[in-house]
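Have a look at structure.cif below; it lists mmCIF, N, CA and C atoms.
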```cif
data_work
#
loop_
_atom_site.label_atom_id
_atom_site.label_comp_id
_atom_site.auth_asym_id
_atom_site.auth_seq_id
_atom_site.Cartn_x
_atom_site.Cartn_y
_atom_site.Cartn_z
N MET H 17 116.90 89.06 88.01
CA MET H 17 116.43 89.87 89.10
C MET H 17 115.16 89.28 89.70
N SER H 18 114.23 88.80 88.90
CA SER H 18 113.00 88.25 89.43
C SER H 18 113.26 86.94 90.17
N THR H 19 114.26 86.17 89.75
CA THR H 19 114.58 84.93 90.44
C THR H 19 115.05 85.24 91.85
N ASN H 20 115.88 86.28 92.00
CA ASN H 20 116.35 86.68 93.32
C ASN H 20 115.18 87.13 94.19
N SER H 21 114.27 87.89 93.63
CA SER H 21 113.09 88.34 94.37
C SER H 21 112.23 87.16 94.78
N ASN H 22 112.08 86.20 93.87
CA ASN H 22 111.29 85.02 94.17
C ASN H 22 111.92 84.22 95.30
N GLN H 23 113.25 84.10 95.27
CA GLN H 23 113.94 83.37 96.34
C GLN H 23 113.77 84.09 97.66
N HIS H 24 113.88 85.43 97.64
CA HIS H 24 113.73 86.20 98.87
C HIS H 24 112.31 86.07 99.41
N ALA H 25 111.33 86.14 98.55
CA ALA H 25 109.93 86.01 98.98
C ALA H 25 109.69 84.61 99.52
N SER H 26 110.27 83.61 98.87
CA SER H 26 110.12 82.24 99.33
C SER H 26 110.75 82.05 100.69
N VAL H 27 111.93 82.61 100.89
CA VAL H 27 112.60 82.52 102.18
C VAL H 27 111.78 83.22 103.25
N THR H 28 111.23 84.38 102.93
CA THR H 28 110.42 85.13 103.88
C THR H 28 109.17 84.35 104.25
N ARG H 29 108.50 83.78 103.26
CA ARG H 29 107.31 82.97 103.55
C ARG H 29 107.67 81.78 104.41
N GLU H 30 108.77 81.12 104.08
CA GLU H 30 109.20 79.96 104.85
C GLU H 30 109.52 80.36 106.28
N LYS H 31 110.17 81.50 106.46
CA LYS H 31 110.53 81.97 107.80
C LYS H 31 109.27 82.28 108.61
N ILE H 32 108.30 82.94 107.99
CA ILE H 32 107.04 83.24 108.69
C ILE H 32 106.34 81.95 109.08
N ALA H 33 106.27 81.02 108.16
CA ALA H 33 105.60 79.75 108.45
C ALA H 33 106.35 79.00 109.55
N GLU H 34 107.67 79.02 109.50
CA GLU H 34 108.48 78.36 110.52
C GLU H 34 108.26 79.01 111.89
N ASP H 35 108.28 80.35 111.92
CA ASP H 35 108.05 81.07 113.18
C ASP H 35 106.67 80.77 113.74
N PHE H 36 105.69 80.70 112.86
CA PHE H 36 104.33 80.41 113.31
C PHE H 36 104.24 79.00 113.87
N ASN H 37 104.92 78.05 113.21
CA ASN H 37 104.90 76.67 113.71
C ASN H 37 105.55 76.57 115.09
N VAL H 38 106.63 77.31 115.30
CA VAL H 38 107.27 77.34 116.62
C VAL H 38 106.30 77.92 117.66
N LEU H 39 105.63 79.02 117.29
CA LEU H 39 104.65 79.63 118.19
C LEU H 39 103.53 78.65 118.51
N LYS H 40 103.04 77.97 117.48
CA LYS H 40 101.96 77.00 117.67
C LYS H 40 102.40 75.90 118.62
N LYS H 41 103.61 75.40 118.43
CA LYS H 41 104.13 74.34 119.30
C LYS H 41 104.26 74.84 120.74
N ASP H 42 104.76 76.06 120.91
CA ASP H 42 104.90 76.62 122.25
C ASP H 42 103.55 76.78 122.94
N VAL H 43 102.56 77.25 122.19
CA VAL H 43 101.22 77.42 122.76
C VAL H 43 100.63 76.07 123.14
N GLN H 44 100.83 75.08 122.29
CA GLN H 44 100.30 73.75 122.61
C GLN H 44 100.98 73.17 123.85
N GLU H 45 102.30 73.40 123.97
CA GLU H 45 103.00 72.94 125.17
C GLU H 45 102.50 73.68 126.41
N LEU H 46 102.24 74.97 126.27
CA LEU H 46 101.71 75.75 127.38
C LEU H 46 100.34 75.23 127.79
N LEU H 47 99.52 74.90 126.81
CA LEU H 47 98.19 74.36 127.13
C LEU H 47 98.31 73.02 127.85
N LYS H 48 99.24 72.17 127.41
CA LYS H 48 99.44 70.88 128.08
C LYS H 48 99.95 71.09 129.51
N ALA H 49 100.88 72.04 129.67
CA ALA H 49 101.46 72.28 130.99
C ALA H 49 100.43 72.82 131.96
N THR H 50 99.46 73.57 131.46
CA THR H 50 98.45 74.15 132.34
C THR H 50 97.19 73.30 132.41
N ALA H 51 97.22 72.13 131.80
CA ALA H 51 96.02 71.27 131.80
C ALA H 51 95.65 70.83 133.21
N SER H 52 96.65 70.71 134.08
CA SER H 52 96.36 70.27 135.44
C SER H 52 95.77 71.39 136.30
N VAL H 53 95.89 72.62 135.82
CA VAL H 53 95.32 73.74 136.56
C VAL H 53 93.81 73.68 136.42
N VAL H 54 93.16 73.66 137.54
CA VAL H 54 91.70 73.54 137.50
C VAL H 54 91.07 74.89 137.77
N GLY H 55 89.87 74.97 137.42
CA GLY H 55 89.13 76.20 137.68
C GLY H 55 88.48 76.69 136.41
N GLU H 56 87.42 77.43 136.61
CA GLU H 56 86.64 77.94 135.48
C GLU H 56 87.45 78.93 134.64
N LYS H 57 88.18 79.81 135.29
CA LYS H 57 88.96 80.82 134.56
C LYS H 57 90.07 80.18 133.75
N ALA H 58 90.73 79.15 134.28
CA ALA H 58 91.80 78.46 133.56
C ALA H 58 91.23 77.75 132.33
N ALA H 59 90.08 77.14 132.49
CA ALA H 59 89.43 76.45 131.36
C ALA H 59 89.04 77.46 130.29
N GLU H 60 88.50 78.60 130.71
CA GLU H 60 88.12 79.64 129.75
C GLU H 60 89.34 80.16 129.00
N ALA H 61 90.44 80.35 129.73
CA ALA H 61 91.67 80.85 129.11
C ALA H 61 92.20 79.86 128.08
N ARG H 62 92.17 78.56 128.42
CA ARG H 62 92.63 77.54 127.46
C ARG H 62 91.78 77.54 126.20
N VAL H 63 90.47 77.66 126.35
CA VAL H 63 89.57 77.68 125.20
C VAL H 63 89.85 78.90 124.33
N LYS H 64 90.04 80.07 124.97
CA LYS H 64 90.33 81.28 124.21
C LYS H 64 91.64 81.16 123.44
N VAL H 65 92.66 80.60 124.11
CA VAL H 65 93.97 80.44 123.44
C VAL H 65 93.84 79.49 122.26
N GLU H 66 93.13 78.40 122.44
CA GLU H 66 92.94 77.45 121.34
C GLU H 66 92.19 78.09 120.18
N GLU H 67 91.18 78.87 120.49
CA GLU H 67 90.42 79.56 119.44
C GLU H 67 91.29 80.58 118.71
N SER H 68 92.08 81.32 119.47
CA SER H 68 92.97 82.32 118.87
C SER H 68 94.01 81.65 117.98
N LEU H 69 94.52 80.53 118.42
CA LEU H 69 95.50 79.79 117.61
C LEU H 69 94.88 79.31 116.31
N LYS H 70 93.65 78.84 116.38
CA LYS H 70 92.95 78.38 115.17
C LYS H 70 92.72 79.54 114.20
N VAL H 71 92.29 80.69 114.74
CA VAL H 71 92.07 81.87 113.90
C VAL H 71 93.38 82.30 113.24
N ALA H 72 94.47 82.30 114.02
CA ALA H 72 95.77 82.70 113.48
C ALA H 72 96.22 81.74 112.37
N GLN H 73 95.99 80.45 112.56
CA GLN H 73 96.34 79.47 111.53
C GLN H 73 95.55 79.74 110.25
N ASP H 74 94.27 80.00 110.39
CA ASP H 74 93.43 80.27 109.22
C ASP H 74 93.90 81.53 108.49
N LYS H 75 94.20 82.58 109.27
CA LYS H 75 94.66 83.83 108.66
C LYS H 75 95.99 83.64 107.95
N LEU H 76 96.90 82.88 108.57
CA LEU H 76 98.20 82.64 107.94
C LEU H 76 98.03 81.90 106.62
N ALA H 77 97.15 80.92 106.60
CA ALA H 77 96.91 80.18 105.37
C ALA H 77 96.34 81.09 104.29
N THR H 78 95.43 81.98 104.67
CA THR H 78 94.84 82.91 103.71
C THR H 78 95.88 83.88 103.18
N VAL H 79 96.69 84.43 104.08
CA VAL H 79 97.73 85.37 103.66
C VAL H 79 98.74 84.69 102.76
N GLN H 80 99.14 83.48 103.11
CA GLN H 80 100.10 82.76 102.29
C GLN H 80 99.54 82.52 100.89
N GLU H 81 98.29 82.15 100.80
CA GLU H 81 97.65 81.92 99.50
C GLU H 81 97.59 83.21 98.69
N THR H 82 97.22 84.31 99.35
CA THR H 82 97.12 85.60 98.68
C THR H 82 98.48 86.06 98.18
N VAL H 83 99.49 85.94 99.01
CA VAL H 83 100.84 86.35 98.62
C VAL H 83 101.33 85.52 97.44
N THR H 84 101.06 84.25 97.46
CA THR H 84 101.48 83.38 96.36
C THR H 84 100.79 83.79 95.06
N ILE H 85 99.50 84.06 95.12
CA ILE H 85 98.76 84.47 93.92
C ILE H 85 99.27 85.81 93.40
N LYS H 86 99.44 86.78 94.31
CA LYS H 86 99.92 88.11 93.90
C LYS H 86 101.32 88.02 93.31
N GLY H 87 102.16 87.20 93.91
CA GLY H 87 103.52 87.03 93.40
C GLY H 87 103.53 86.45 91.99
N LYS H 88 102.68 85.46 91.76
CA LYS H 88 102.59 84.86 90.42
C LYS H 88 102.06 85.87 89.40
N GLU H 89 101.08 86.68 89.83
CA GLU H 89 100.54 87.70 88.93
C GLU H 89 101.60 88.74 88.58
N ALA H 90 102.38 89.15 89.58
CA ALA H 90 103.44 90.14 89.34
C ALA H 90 104.50 89.57 88.41
N MET H 91 104.86 88.32 88.63
CA MET H 91 105.85 87.69 87.75
C MET H 91 105.34 87.60 86.32
N ALA H 92 104.08 87.23 86.17
CA ALA H 92 103.51 87.12 84.83
C ALA H 92 103.46 88.47 84.13
N ALA H 93 103.06 89.52 84.88
CA ALA H 93 103.00 90.86 84.29
C ALA H 93 104.40 91.35 83.90
N THR H 94 105.36 91.12 84.76
CA THR H 94 106.74 91.53 84.46
C THR H 94 107.27 90.78 83.24
N ASP H 95 107.03 89.48 83.21
CA ASP H 95 107.49 88.68 82.08
C ASP H 95 106.85 89.15 80.78
N GLU H 96 105.55 89.44 80.83
CA GLU H 96 104.85 89.92 79.64
C GLU H 96 105.42 91.26 79.17
N TYR H 97 105.65 92.17 80.12
CA TYR H 97 106.19 93.49 79.76
C TYR H 97 107.57 93.35 79.13
N VAL H 98 108.42 92.53 79.71
CA VAL H 98 109.78 92.36 79.18
C VAL H 98 109.73 91.73 77.80
N ARG H 99 108.84 90.77 77.61
CA ARG H 99 108.75 90.14 76.28
C ARG H 99 108.20 91.11 75.23
N ASP H 100 107.25 91.96 75.64
CA ASP H 100 106.67 92.93 74.71
C ASP H 100 107.59 94.13 74.46
N ASN H 101 108.40 94.50 75.43
CA ASN H 101 109.25 95.69 75.34
C ASN H 101 110.68 95.36 75.79
N PRO H 102 111.39 94.53 75.03
CA PRO H 102 112.71 94.11 75.50
C PRO H 102 113.70 95.28 75.63
N TRP H 103 113.66 96.24 74.72
CA TRP H 103 114.61 97.34 74.79
C TRP H 103 114.30 98.29 75.94
N ASN H 104 113.03 98.48 76.23
CA ASN H 104 112.68 99.27 77.41
C ASN H 104 113.20 98.61 78.68
N ALA H 105 113.04 97.28 78.75
CA ALA H 105 113.51 96.55 79.92
C ALA H 105 115.03 96.67 80.06
N VAL H 106 115.74 96.58 78.93
CA VAL H 106 117.20 96.72 78.97
C VAL H 106 117.56 98.13 79.43
N GLY H 107 116.87 99.13 78.93
CA GLY H 107 117.13 100.51 79.33
C GLY H 107 116.86 100.74 80.81
N ILE H 108 115.78 100.20 81.31
CA ILE H 108 115.46 100.35 82.73
C ILE H 108 116.53 99.66 83.57
N ALA H 109 116.90 98.45 83.19
CA ALA H 109 117.92 97.73 83.94
C ALA H 109 119.25 98.48 83.92
N ALA H 110 119.61 99.04 82.78
CA ALA H 110 120.85 99.80 82.68
C ALA H 110 120.78 101.05 83.56
N GLY H 111 119.66 101.73 83.56
CA GLY H 111 119.50 102.92 84.39
C GLY H 111 119.58 102.60 85.88
N VAL H 112 118.93 101.54 86.29
CA VAL H 112 118.99 101.13 87.69
C VAL H 112 120.42 100.73 88.06
N GLY H 113 121.08 100.01 87.17
CA GLY H 113 122.47 99.62 87.42
C GLY H 113 123.37 100.84 87.54
N PHE H 114 123.15 101.82 86.67
CA PHE H 114 123.95 103.04 86.71
C PHE H 114 123.75 103.78 88.03
N LEU H 115 122.50 103.93 88.45
CA LEU H 115 122.21 104.61 89.71
C LEU H 115 122.80 103.86 90.91
N LEU H 116 122.69 102.55 90.89
CA LEU H 116 123.29 101.77 91.98
C LEU H 116 124.81 101.93 91.99
N GLY H 117 125.41 101.94 90.80
CA GLY H 117 126.86 102.13 90.71
C GLY H 117 127.29 103.47 91.27
N ILE H 118 126.54 104.51 90.95
CA ILE H 118 126.87 105.84 91.49
C ILE H 118 126.72 105.84 93.01
N GLY H 119 125.68 105.20 93.50
CA GLY H 119 125.46 105.13 94.95
C GLY H 119 126.58 104.40 95.66
N PHE H 120 127.00 103.26 95.10
CA PHE H 120 128.09 102.51 95.72
C PHE H 120 129.40 103.27 95.65
N ALA H 121 129.65 103.91 94.51
CA ALA H 121 130.88 104.69 94.36
C ALA H 121 130.90 105.85 95.35
N ALA H 122 129.79 106.53 95.52
CA ALA H 122 129.72 107.64 96.47
C ALA H 122 129.93 107.14 97.89
N GLY H 123 129.35 106.01 98.21
CA GLY H 123 129.53 105.44 99.55
C GLY H 123 130.98 105.06 99.81
N THR H 124 131.63 104.48 98.81
CA THR H 124 133.04 104.13 98.94
C THR H 124 133.89 105.38 99.10
N PHE H 125 133.60 106.39 98.32
CA PHE H 125 134.35 107.64 98.40
C PHE H 125 134.21 108.27 99.77
N LEU H 126 132.98 108.29 100.29
CA LEU H 126 132.75 108.90 101.60
C LEU H 126 133.43 108.12 102.72
N ARG H 127 133.46 106.79 102.62
CA ARG H 127 134.13 105.99 103.64
C ARG H 127 135.64 106.23 103.62
N ARG H 128 136.21 106.43 102.44
CA ARG H 128 137.66 106.68 102.34
C ARG H 128 138.02 108.02 102.96
N ARG H 129 137.13 109.00 102.88
CA ARG H 129 137.41 110.33 103.43
C ARG H 129 137.41 110.31 104.95
N GLU H 130 136.68 109.38 105.54
CA GLU H 130 136.58 109.33 107.00
C GLU H 130 137.78 108.66 107.51
#
```
Would you mind writing the file's structure down as structure tokens?
Amino acid sequence: MSTNSNQHASVTREKIAEDFNVLKKDVQELLKATASVVGEKAAEARVKVEESLKVAQDKLATVQETVTIKGKEAMAATDEYVRDNPWNAVGIAAGVGFLLGIGFAAGTFLRRRE
């Protein structure tokens, strides 16, 4: 179960980073396209966009680092709990599986009635 969560979190992080890189590329292309536009207001707008892009990059890096650290801490805590309490972990997993089974069975039953 934790491997699946790790893969999902990794995919989500990769998607966010990919989306941000696309945004960054688009903003840079926009800045290049508007470079020929002269005037004080255009220059100010370009500077503001560049500053905003830099701030966003810094924040993304910080968030990515924080998420990675928190994810590793959660994995370590879960691993420690399972190793210390293997039967509790088995019981919890069985209970969750049972509840999911009831939910899927009820959903299937309700779809058949319609």
Region 64-74 of chain H: which residues within 10 Å, counting only C-alpha atoms, same-chain residues fewer than 5 positions away excluded, as a PDB file with N, CA and C atoms, in the frame of the given file?
```
ATOM      1  N   ALA H  33     106.270  81.020 108.160  1.00  0.00           N
ATOM      2  CA  ALA H  33     105.600  79.750 108.450  1.00  0.00           C
ATOM      3  C   ALA H  33     106.350  79.000 109.550  1.00  0.00           C
ATOM      4  N   PHE H  36     105.690  80.700 112.860  1.00  0.00           N
ATOM      5  CA  PHE H  36     104.330  80.410 113.310  1.00  0.00           C
ATOM      6  C   PHE H  36     104.240  79.000 113.870  1.00  0.00           C
ATOM      7  N   ASN H  37     104.920  78.050 113.210  1.00  0.00           N
ATOM      8  CA  ASN H  37     104.900  76.670 113.710  1.00  0.00           C
ATOM      9  C   ASN H  37     105.550  76.570 115.090  1.00  0.00           C
ATOM     10  N   LEU H  39     105.630  79.020 117.290  1.00  0.00           N
ATOM     11  CA  LEU H  39     104.650  79.630 118.190  1.00  0.00           C
ATOM     12  C   LEU H  39     103.530  78.650 118.510  1.00  0.00           C
ATOM     13  N   LYS H  40     103.040  77.970 117.480  1.00  0.00           N
ATOM     14  CA  LYS H  40     101.960  77.000 117.670  1.00  0.00           C
ATOM     15  C   LYS H  40     102.400  75.900 118.620  1.00  0.00           C
ATOM     16  N   VAL H  43     102.560  77.250 122.190  1.00  0.00           N
ATOM     17  CA  VAL H  43     101.220  77.420 122.760  1.00  0.00           C
ATOM     18  C   VAL H  43     100.630  76.070 123.140  1.00  0.00           C
ATOM     19  N   GLN H  44     100.830  75.080 122.290  1.00  0.00           N
ATOM     20  CA  GLN H  44     100.300  73.750 122.610  1.00  0.00           C
ATOM     21  C   GLN H  44     100.980  73.170 123.850  1.00  0.00           C
ATOM     22  N   LEU H  46     102.240  74.970 126.270  1.00  0.00           N
ATOM     23  CA  LEU H  46     101.710  75.750 127.380  1.00  0.00           C
ATOM     24  C   LEU H  46     100.340  75.230 127.790  1.00  0.00           C
ATOM     25  N   LEU H  47      99.520  74.900 126.810  1.00  0.00           N
ATOM     26  CA  LEU H  47      98.190  74.360 127.130  1.00  0.00           C
ATOM     27  C   LEU H  47      98.310  73.020 127.850  1.00  0.00           C
ATOM     28  N   ALA H  58      90.730  79.150 134.280  1.00  0.00           N
ATOM     29  CA  ALA H  58      91.800  78.460 133.560  1.00  0.00           C
ATOM     30  C   ALA H  58      91.230  77.750 132.330  1.00  0.00           C
ATOM     31  N   ALA H  59      90.080  77.140 132.490  1.00  0.00           N
ATOM     32  CA  ALA H  59      89.430  76.450 131.360  1.00  0.00           C
ATOM     33  C   ALA H  59      89.040  77.460 130.290  1.00  0.00           C
ATOM     34  N   VAL H  79      96.690  84.430 104.080  1.00  0.00           N
ATOM     35  CA  VAL H  79      97.730  85.370 103.660  1.00  0.00           C
ATOM     36  C   VAL H  79      98.740  84.690 102.760  1.00  0.00           C
ATOM     37  N   GLN H  80      99.140  83.480 103.110  1.00  0.00           N
ATOM     38  CA  GLN H  80     100.100  82.760 102.290  1.00  0.00           C
ATOM     39  C   GLN H  80      99.540  82.520 100.890  1.00  0.00           C
TER      40      GLN H  80
END
```
Could you put an axis-aligned box around every listed atom of region 117-123 of chain H, padded by 3 Å on each side, and send me its centre and edge lengths in Å to one decimal, as AutoDock Vina command-line options?
```
--center_x 128.2 --center_y 104.8 --center_z 95.3 --size_x 11.6 --size_y 11.7 --size_z 15.1
```
Q | Interatomic distance, atom N of Leu76 (chain H) to CA of Lys41 (chain H) (Å, one decimal) | A |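 Computing the Euclidean distance for atom N of Leu76 (chain H) and CA of Lys41 (chain H) yields 15.5 Å.
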Q) What does the distance from CA of Val106 (chain H) to atom C of Gly87 (chain H) come to in Å, to one decimal? A) 21.5 Å
**Q.** Near-region 81-85 of chain H list (12 Å; only C-alpha atoms; drop same-chain fewer than 2 positions) as a PyMOL selection string
**A.** chain H and resi 22+25-26+28-30+74-79+87-92
Q. So how many Å separate CA of Leu116 (chain H) and CA of Glu96 (chain H), to one decimal?
A. 25.2 Å
